[in-house]
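Student: My questions all concern the structure below.
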Amino acid sequence: MERTENLIMQEDRWKPLKEMNLTDDFLFDVATTELENCKTIIELSTGLRLKNLKWKEGQKVIHNIPGKRGIRMDFVAESEDGRVFDVEMQNRKEGNIPKRTRFYQALMDAPLLKSGEKGFDKLKPLFIIVICDYDPYGMKKYCYTFESRCKEQPDLLLGDEVTKLFLSTKGENEDEVSKELVDFLHYITESNERGLPEECDERLRRLHESIQEIKTSTSVEVEYMKMEERERLVKEEATERGLREGRKEGEERLARLLINLSKQNRQEDSNRALKDLEYRKKLYEEFGL
């Protein structure tokens with residue numbers, strides 16, 4: 001029954017397209033279908049300047065061996081000089097994100113080498129960027145950068161060419177990071193005119209213009225409404241299924257109670273349990289049901 005109540009009381013998270021921010025999955029997915037937007041997000045996140053960017057073919061969804069878990073990424077792109085960028089939006093603190101990036105790295109690297117191939121030189125430099133709408137480590141940093149280093153000699157890099165960046169929209173260390181990064185992360189949470197500083201990087205301004213076009217697009221609005229309707233129907237079906245399961249569980253529980261009372265010849269308690277819900281609950285506790 002608790003599961004049923006959770007389904008019924010579930011908060012409606014839908015909001016108008018015009019009120020969305022880049023932390024919302026739908027808007028982020030639509031915005032990152034444009035390669036120029038992806039380039040802007042990568043550059044503002046890393047501080048790098050990229051000449052050209054292309055989609056990493058076949059890397060949006062990566063299948064594992066049969067029977068094992070695969071992954072679906074928000075977007076993956078490759079720079080002209082061969083660096084690969086996986087960018088993920090994480091708007092809720094759930095799951096083990098550090099170990100998730102470890103899993104992503106393994107599955108992204110695996111297809112680059114053929115069976116029996118000698119050496120590992122074909123593994124390309126990899127950046128995994130997770131944009132978090134919370135502070136993943138609670139240290140009030142806008143950016144947490146991780147690279148593999150020697151414990152005994154901290155200035156000695158492992159050299160695996162893997163960099164993992166966890167960006168936080170809740171950072172407070174403006175004096176330690178670039179203004180471009182701070183402006184970008186603030187805009188992520190308020191993707192509108194109010195979230196755009198008067199003086200900001202031109203790339204962020206272009207990203208904002210693209211976001212505004214998306215929000216005022218009739219075709220995108222129609223697609224969003226279709227998706228909302230599909231989600232509503234799925235939710236209604238799940239709620240109805242939960243109610244049916246709840247009723248079935250309740251009936252089975254009551255049946256077990258009545259059988260136990262019958263074995264003890266407690267006919268009066270059986271009759272009262274059918275009419276008095278509070279008394280029935282006491283009997284459930286008595287029999288551990």
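Ordering of the structure tokens sets the chain letters (A, B, ...); residue numbers start at 1 within each chain; ligands are numbered from 1 in the order shown.
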Among stretch 180-287 of chain A, which residues does DSSP mark as alpha helix (DSSP H) when it is run on the backbone? Keep the chain and numbering as in the structure and answer as a PyMOL selection string.
Tutor: chain A and resi 180-189+202-215+218-263+267-275+277-287
Student: Can you tell me which residues surround A:Leu207 at a distance of at most 12 Å, considering only C-alpha atoms, apart from same-chain residues fewer than 5 positions away, and format the answer as a list in words?
Tutor: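 Using only C-alpha atoms, the neighbours found are Leu22, Phe28, Ala31, Thr32, Glu34, Leu35, Glu36, Asn37, Cys38, Lys39, Thr40, Ile41, Ile42, Glu43, Leu44, Phe184, Tyr187, Ile188, Ser191, Asn192, Glu193, Leu196, Cys200, Asp201, Glu202, Gln212, Glu213 and Ile214 of chain A.
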Student: Considering only C-alpha atoms, state which residue in the set A:Lys215, A:Arg49, A:Arg280, A:Lys164 is at the smallest distance from A:Glu88.
Tutor: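 The closest residue to A:Glu88 is A:Lys164.
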Student: Would you work out the distance separating atom CA of A:Lys141 from atom CA of A:Asn173, expressed in Å to one decimal?
Tutor: 5.7 Å
Student: What lies within 8 Å of A:Trp55 using only C-alpha atoms, ignoring chain neighbours under 4 positions off, as a PyMOL selection string?
Tutor: chain A and resi 35+76-78
Student: Could you save the residues just selected, with all heavy atoms, as a short mmCIF file (atom, residue, chain, number, x, y, z; two decimals), in the first residue's frame?
Tutor:
data_model
loop_
_atom_site.label_atom_id
_atom_site.label_comp_id
_atom_site.auth_asym_id
_atom_site.auth_seq_id
_atom_site.Cartn_x
_atom_site.Cartn_y
_atom_site.Cartn_z
N LEU A 35 25.66 21.24 -32.43
CA LEU A 35 27.08 21.02 -32.14
C LEU A 35 27.76 22.27 -31.60
O LEU A 35 28.64 22.19 -30.74
CB LEU A 35 27.80 20.54 -33.41
CG LEU A 35 29.19 19.93 -33.22
CD1 LEU A 35 29.14 18.75 -32.26
CD2 LEU A 35 29.76 19.50 -34.56
N VAL A 76 28.45 13.12 -26.54
CA VAL A 76 29.87 12.82 -26.65
C VAL A 76 30.37 13.42 -27.95
O VAL A 76 29.77 13.24 -29.01
CB VAL A 76 30.14 11.30 -26.64
CG1 VAL A 76 31.63 11.03 -26.75
CG2 VAL A 76 29.58 10.67 -25.39
N ALA A 77 31.47 14.15 -27.88
CA ALA A 77 32.04 14.79 -29.07
C ALA A 77 33.55 14.66 -29.04
O ALA A 77 34.15 14.39 -28.00
CB ALA A 77 31.62 16.25 -29.13
N GLU A 78 34.15 14.88 -30.22
CA GLU A 78 35.60 14.75 -30.35
C GLU A 78 36.16 16.00 -31.01
O GLU A 78 35.62 16.49 -32.01
CB GLU A 78 35.95 13.52 -31.18
CG GLU A 78 37.44 13.26 -31.30
CD GLU A 78 37.75 11.97 -32.03
OE1 GLU A 78 36.82 11.16 -32.24
OE2 GLU A 78 38.93 11.77 -32.41
#
Student: Please report, as CSV, each residue of stretch 61-142 of chain A lying at most 7 Å from stretch 23-27 of chain A, together with the nearest pair of atoms and the separation in Å rounded to one decimal; use only C-alpha atoms, and order rows by chain and ascending residue number.
Tutor:
residue,atom,partner,partner_atom,distance
A:Met89,CA,A:Thr23,CA,6.7
A:Asn91,CA,A:Thr23,CA,5.9
A:Asp133,CA,A:Thr23,CA,7.0
Student: Taking into account only C-alpha atoms, which residue in the set A:Cys143, A:Ile259, A:Val220, A:Leu274 is nearest to A:Leu17?
Tutor: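 Of all the options, A:Val220 lies closest to A:Leu17.
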Student: Assign secondary structure with DSSP using the backbone only, and return the residues of stretch 14-113 of chain A in strand (DSSP E) as a PyMOL selection string.
Tutor: chain A and resi 53-55+61-62+71-72+75-79+84-90
Student: Excluding same-chain residues fewer than 5 positions from A:Lys282, what lies within 12 Å of it counting only C-alpha atoms, as a ChimeraX atom specification?
Tutor: /A:257,269,272-273,276-277,287-289
Student: If you measure from atom CA of A:Lys122 to atom CA of A:Leu48, what distance in Å do you get, rounded to one decimal?
Tutor: 22.3 Å
Student: Can you work out which one of A:Ser79, A:Ser178, A:Thr216, A:Ser148 has the shortest atom-to-atom distance to A:Gly47, counting only C-alpha atoms?
Tutor: A:Ser178
